[in-house]
Structure formats: C-alpha cells, structure tokens
Amino acid sequence: MHLLTVGWLTQLIIGVAYWMFPKYSKARPRGSERLGWATYALLNLGLALRAAGEPLMAAQPGANAGWLLAASAVLQMLAAWAFVANTWARVKSR
Amino acid sequence: MPRFAVWTVRAALLHLGVGFTLGALILFHKGAPLDPALWRLLPLHVEMLLAGWMAQLAMGVAFWILPRFRGTERGNVRLAALAVVTLNVGVLGVGVGGLAGWDAAVLLGRVAELLAAGMFAAHAWPRVKPVSTSTQ
C-alpha cells in the first residue's frame, strides 16, 4: 500500500512540484538542491527499510526487525518535512 | 501563483508534514512499541494524507493552472474557497471523529468532503475547455 501511495503518488508529486513550482530565485530556481536530494534519499531509504522490515517482523516478531520500522518511520518523516521546507518559499504570489 | 492557490497549496503542505509525522509515530510504535493508543491516530493520518494533502494539493494546483476566462479571471473564486474550507472541515471531522470515536463527526466530515468535491467540480467545470477558447 505505501509503496503505491508514498513511493509512487507522493514521490511523483514531489518530483513534479520540484520541477514546476514557481522559481525560488534566479540564482536558485529550485531552492536548495541539496535539500531536494535529501528528500529523495530519505524517502526511498525509509520506504526500502519498511519494505524489508515488515516481512521480517512478520516472520520473526521478536527479532530486531522492529528497529528497521522505527528507522523507516523517522526517515520518511524527515523526508516529508525536508520537502515542505524546500517547497514552502516557492509557493508564492508573483 | 494566485494568492488563493498559495494558501491552498501551503495548507496541503502542512497536511503532508503533519500526516507523515502521525504515520511515523504509528510505524515507530509498530516496530518499537511506545503506546498502543497511537493506533488511534490512524484515521487522522489517512484523512490528512489522502484528502488534506493529495486532494487539496490537486485543488490548489488546478485553481492555479486550469485555463482562465478573459485572460486572468479564474471564475467563481468564492465557490473554490468554500470548497477548500469545507474540505478541511471534513478532514478534521473524519480524522478527529475517528480518533475520538465520534461516529456523528465522521459522518458529518464525510458529507463535508463530498460537498467540497462537488463545489470544486462546479468551480472547475467551466474552466476545463480547449486552450483555443481559453480567452473567451
């Protein structure tokens, strides 16, 4: 479910917004490129950890797989706020 | 980007951040138990991300980017604004109602979301037209 809603829908929105939203400035049209890449890395690493952690935890409920899910949660939350931070100033009137 | 679209897209961004944070709390608890009550955040998490983030972002971007009338006019702006306010009331109703177990609030929230969809569709309908007639 989350591979579809986060990995596809939300990530597509993030990519298109990064591409098409109003420019931040002439020098930095897309805001912080570093924050853009951080969003991409955090979101996909978070999703990958979840994709690995969920079946592992179902197979071995008492094992350390739970920490994969906890780490996944933190990474995806950071990705969302990184995108919000980088996009906020680009959402503006002319 | 017109001011109304700015407010709508920024509201959607806030729903994204808060919705992901709620989801992170639930997922963290699933992996490393914190408090079973965190599961009660699930309806609010779902509602904030599906309606508050995705639907509201679509409304804001559609208001900004759909063809305009007579060059700059975007049609019935009040109807679009009412749709966005109603959508947010609906998200809160369904999300908080689900969190608190208030079935009436969930029902009213769903009705508000339905009305919001209808109002925004009524706003956008005349703007969805071929580009060649966009200035008429």
# chains A, B, ... in the order shown; residues from 1 in each chain; ligands from 1

call {"tool": "residues_around", "arguments": {"residues": "range 16-30 of chain A", "least_positions_apart": "2", "cutoff": "8 Å", "atoms": "only C-alpha atoms", "output": "PyMOL selection string"}}
result
(chain A and resi 12-14+32-33+36+87+89-92) or (chain B and resi 1)

call {"tool": "residues_around", "arguments": {"residues": "Ala38 in chain A", "least_positions_apart": "3", "cutoff": "10 Å", "atoms": "only C-alpha atoms", "output": "PyMOL selection string"}}
result
chain A and resi 32-35+41-44+78-79+82-83

call {"tool": "write_last_selection", "arguments": {"atoms": "N, CA, C and O atoms", "output": "PDB file, in the first residue's frame"}}
result
ATOM      1  N   SER A  32      16.858  24.787  -2.439  1.00  0.00           N
ATOM      2  CA  SER A  32      18.064  24.053  -2.088  1.00  0.00           C
ATOM      3  C   SER A  32      18.100  22.709  -2.815  1.00  0.00           C
ATOM      4  O   SER A  32      17.288  21.824  -2.522  1.00  0.00           O
ATOM      5  N   GLU A  33      19.047  22.580  -3.737  1.00  0.00           N
ATOM      6  CA  GLU A  33      19.163  21.304  -4.459  1.00  0.00           C
ATOM      7  C   GLU A  33      19.561  20.189  -3.490  1.00  0.00           C
ATOM      8  O   GLU A  33      19.126  19.045  -3.618  1.00  0.00           O
ATOM      9  N   ARG A  34      20.372  20.560  -2.504  1.00  0.00           N
ATOM     10  CA  ARG A  34      20.822  19.580  -1.506  1.00  0.00           C
ATOM     11  C   ARG A  34      19.629  19.024  -0.716  1.00  0.00           C
ATOM     12  O   ARG A  34      19.524  17.831  -0.462  1.00  0.00           O
ATOM     13  N   LEU A  35      18.706  19.932  -0.352  1.00  0.00           N
ATOM     14  CA  LEU A  35      17.513  19.500   0.376  1.00  0.00           C
ATOM     15  C   LEU A  35      16.623  18.630  -0.525  1.00  0.00           C
ATOM     16  O   LEU A  35      15.983  17.687  -0.050  1.00  0.00           O
ATOM     17  N   ALA A  41      16.547  10.855  -1.025  1.00  0.00           N
ATOM     18  CA  ALA A  41      17.274   9.768  -0.356  1.00  0.00           C
ATOM     19  C   ALA A  41      16.525   9.292   0.891  1.00  0.00           C
ATOM     20  O   ALA A  41      16.352   8.083   1.113  1.00  0.00           O
ATOM     21  N   LEU A  42      16.054  10.241   1.704  1.00  0.00           N
ATOM     22  CA  LEU A  42      15.365   9.873   2.949  1.00  0.00           C
ATOM     23  C   LEU A  42      14.080   9.092   2.662  1.00  0.00           C
ATOM     24  O   LEU A  42      13.790   8.080   3.304  1.00  0.00           O
ATOM     25  N   LEU A  43      13.328   9.571   1.675  1.00  0.00           N
ATOM     26  CA  LEU A  43      12.048   8.918   1.361  1.00  0.00           C
ATOM     27  C   LEU A  43      12.266   7.490   0.868  1.00  0.00           C
ATOM     28  O   LEU A  43      11.606   6.552   1.325  1.00  0.00           O
ATOM     29  N   ASN A  44      13.211   7.327  -0.050  1.00  0.00           N
ATOM     30  CA  ASN A  44      13.405   5.994  -0.633  1.00  0.00           C
ATOM     31  C   ASN A  44      14.101   5.032   0.319  1.00  0.00           C
ATOM     32  O   ASN A  44      13.778   3.842   0.337  1.00  0.00           O
ATOM     33  N   LEU A  78      11.288  12.746   8.149  1.00  0.00           N
ATOM     34  CA  LEU A  78      12.270  13.774   7.801  1.00  0.00           C
ATOM     35  C   LEU A  78      12.175  14.154   6.322  1.00  0.00           C
ATOM     36  O   LEU A  78      12.311  15.325   5.953  1.00  0.00           O
ATOM     37  N   ALA A  79      11.916  13.155   5.475  1.00  0.00           N
ATOM     38  CA  ALA A  79      11.761  13.429   4.037  1.00  0.00           C
ATOM     39  C   ALA A  79      10.608  14.390   3.798  1.00  0.00           C
ATOM     40  O   ALA A  79      10.729  15.350   3.024  1.00  0.00           O
ATOM     41  N   ALA A  82      11.497  17.851   4.980  1.00  0.00           N
ATOM     42  CA  ALA A  82      12.524  18.438   4.097  1.00  0.00           C
ATOM     43  C   ALA A  82      11.869  18.979   2.831  1.00  0.00           C
ATOM     44  O   ALA A  82      12.192  20.078   2.359  1.00  0.00           O
ATOM     45  N   PHE A  83      10.920  18.213   2.297  1.00  0.00           N
ATOM     46  CA  PHE A  83      10.201  18.687   1.095  1.00  0.00           C
ATOM     47  C   PHE A  83       9.385  19.934   1.418  1.00  0.00           C
ATOM     48  O   PHE A  83       9.387  20.909   0.656  1.00  0.00           O
TER      49      PHE A  83
END

call {"tool": "closest_atom_pairs", "arguments": {"of": "chain B", "to": "chain A", "cutoff": "7 Å", "atoms": "only C-alpha atoms", "output": "tab-separated table"}}
result
residue	atom	partner	partner_atom	distance
B:Met1	CA	A:Ser93	CA	4.8
B:Pro2	CA	A:Ser93	CA	5.5
B:Arg3	CA	A:Ser93	CA	5.7
B:Val6	CA	A:Val91	CA	5.6
B:Arg10	CA	A:Trp88	CA	6.7
B:Leu13	CA	A:Val84	CA	5.9
B:Leu16	CA	A:Ala80	CA	6.8
B:Gly17	CA	A:Trp81	CA	5.5
B:Phe20	CA	A:Met77	CA	5.4
B:Thr21	CA	A:Met77	CA	5.5
B:Ala24	CA	A:Ala73	CA	4.3
B:Leu27	CA	A:Ala73	CA	5.7
B:Phe28	CA	A:Ala70	CA	4.1
B:Gly31	CA	A:Gly66	CA	3.6
B:Ala32	CA	A:Gly66	CA	5.6

call {"tool": "select_by_dssp", "arguments": {"residues": "chain A", "states": "alpha helix (DSSP H)", "output": "VMD selection string"}}
result
chain A and resid 2 11 to 20 33 to 59 65 to 88

call {"tool": "write_last_selection", "arguments": {"atoms": "C-alpha atoms", "output": "CSV table (one decimal), in the first residue's frame"}}
result
chain,number,residue,atom,x,y,z
A,2,HIS,CA,2.7,2.5,1.0
A,11,GLN,CA,7.1,10.9,-4.8
A,12,LEU,CA,5.7,11.8,-8.3
A,13,ILE,CA,4.1,14.9,-6.8
A,14,ILE,CA,7.3,15.8,-5.1
A,15,GLY,CA,9.3,15.4,-8.3
A,16,VAL,CA,6.8,17.4,-10.4
A,17,ALA,CA,6.5,20.1,-7.8
A,18,TYR,CA,10.3,20.4,-7.6
A,19,TRP,CA,10.3,20.7,-11.4
A,20,MET,CA,7.3,23.0,-12.0
A,33,GLU,CA,19.2,21.3,-4.5
A,34,ARG,CA,20.8,19.6,-1.5
A,35,LEU,CA,17.5,19.5,0.4
A,36,GLY,CA,15.9,18.1,-2.8
A,37,TRP,CA,18.3,15.2,-2.9
A,38,ALA,CA,18.0,14.7,0.8
A,39,THR,CA,14.2,14.4,0.4
A,40,TYR,CA,14.7,11.8,-2.3
A,41,ALA,CA,17.3,9.8,-0.4
A,42,LEU,CA,15.4,9.9,2.9
A,43,LEU,CA,12.0,8.9,1.4
A,44,ASN,CA,13.4,6.0,-0.6
A,45,LEU,CA,15.7,4.7,2.1
A,46,GLY,CA,12.8,4.9,4.5
A,47,LEU,CA,10.5,3.0,2.2
A,48,ALA,CA,13.1,0.4,1.5
A,49,LEU,CA,13.6,-0.2,5.2
A,50,ARG,CA,9.9,-0.6,5.6
A,51,ALA,CA,9.6,-2.9,2.7
A,52,ALA,CA,12.3,-5.1,4.2
A,53,GLY,CA,11.2,-4.7,7.9
A,54,GLU,CA,7.5,-5.6,7.5
A,55,PRO,CA,8.0,-9.1,6.2
A,56,LEU,CA,11.0,-9.7,8.5
A,57,MET,CA,8.9,-8.7,11.5
A,58,ALA,CA,6.0,-10.8,10.4
A,59,ALA,CA,8.4,-13.8,10.1
A,65,ALA,CA,13.4,-6.1,12.6
A,66,GLY,CA,11.3,-3.7,14.6
A,67,TRP,CA,14.1,-1.2,14.6
A,68,LEU,CA,14.0,-1.2,10.8
A,69,LEU,CA,10.4,0.0,11.0
A,70,ALA,CA,11.3,2.6,13.6
A,71,ALA,CA,14.2,3.9,11.5
A,72,SER,CA,12.0,3.9,8.4
A,73,ALA,CA,9.4,6.0,10.3
A,74,VAL,CA,12.0,8.6,11.2
A,75,LEU,CA,13.5,8.8,7.7
A,76,GLN,CA,10.1,9.2,6.0
A,77,MET,CA,9.0,11.9,8.4
A,78,LEU,CA,12.3,13.8,7.8
A,79,ALA,CA,11.8,13.4,4.0
A,80,ALA,CA,8.3,15.0,4.3
A,81,TRP,CA,9.5,17.9,6.3
A,82,ALA,CA,12.5,18.4,4.1
A,83,PHE,CA,10.2,18.7,1.1
A,84,VAL,CA,7.9,21.1,2.9
A,85,ALA,CA,10.8,23.3,4.0
A,86,ASN,CA,12.2,23.4,0.4
A,87,THR,CA,8.9,24.0,-1.2
A,88,TRP,CA,7.2,26.4,1.2
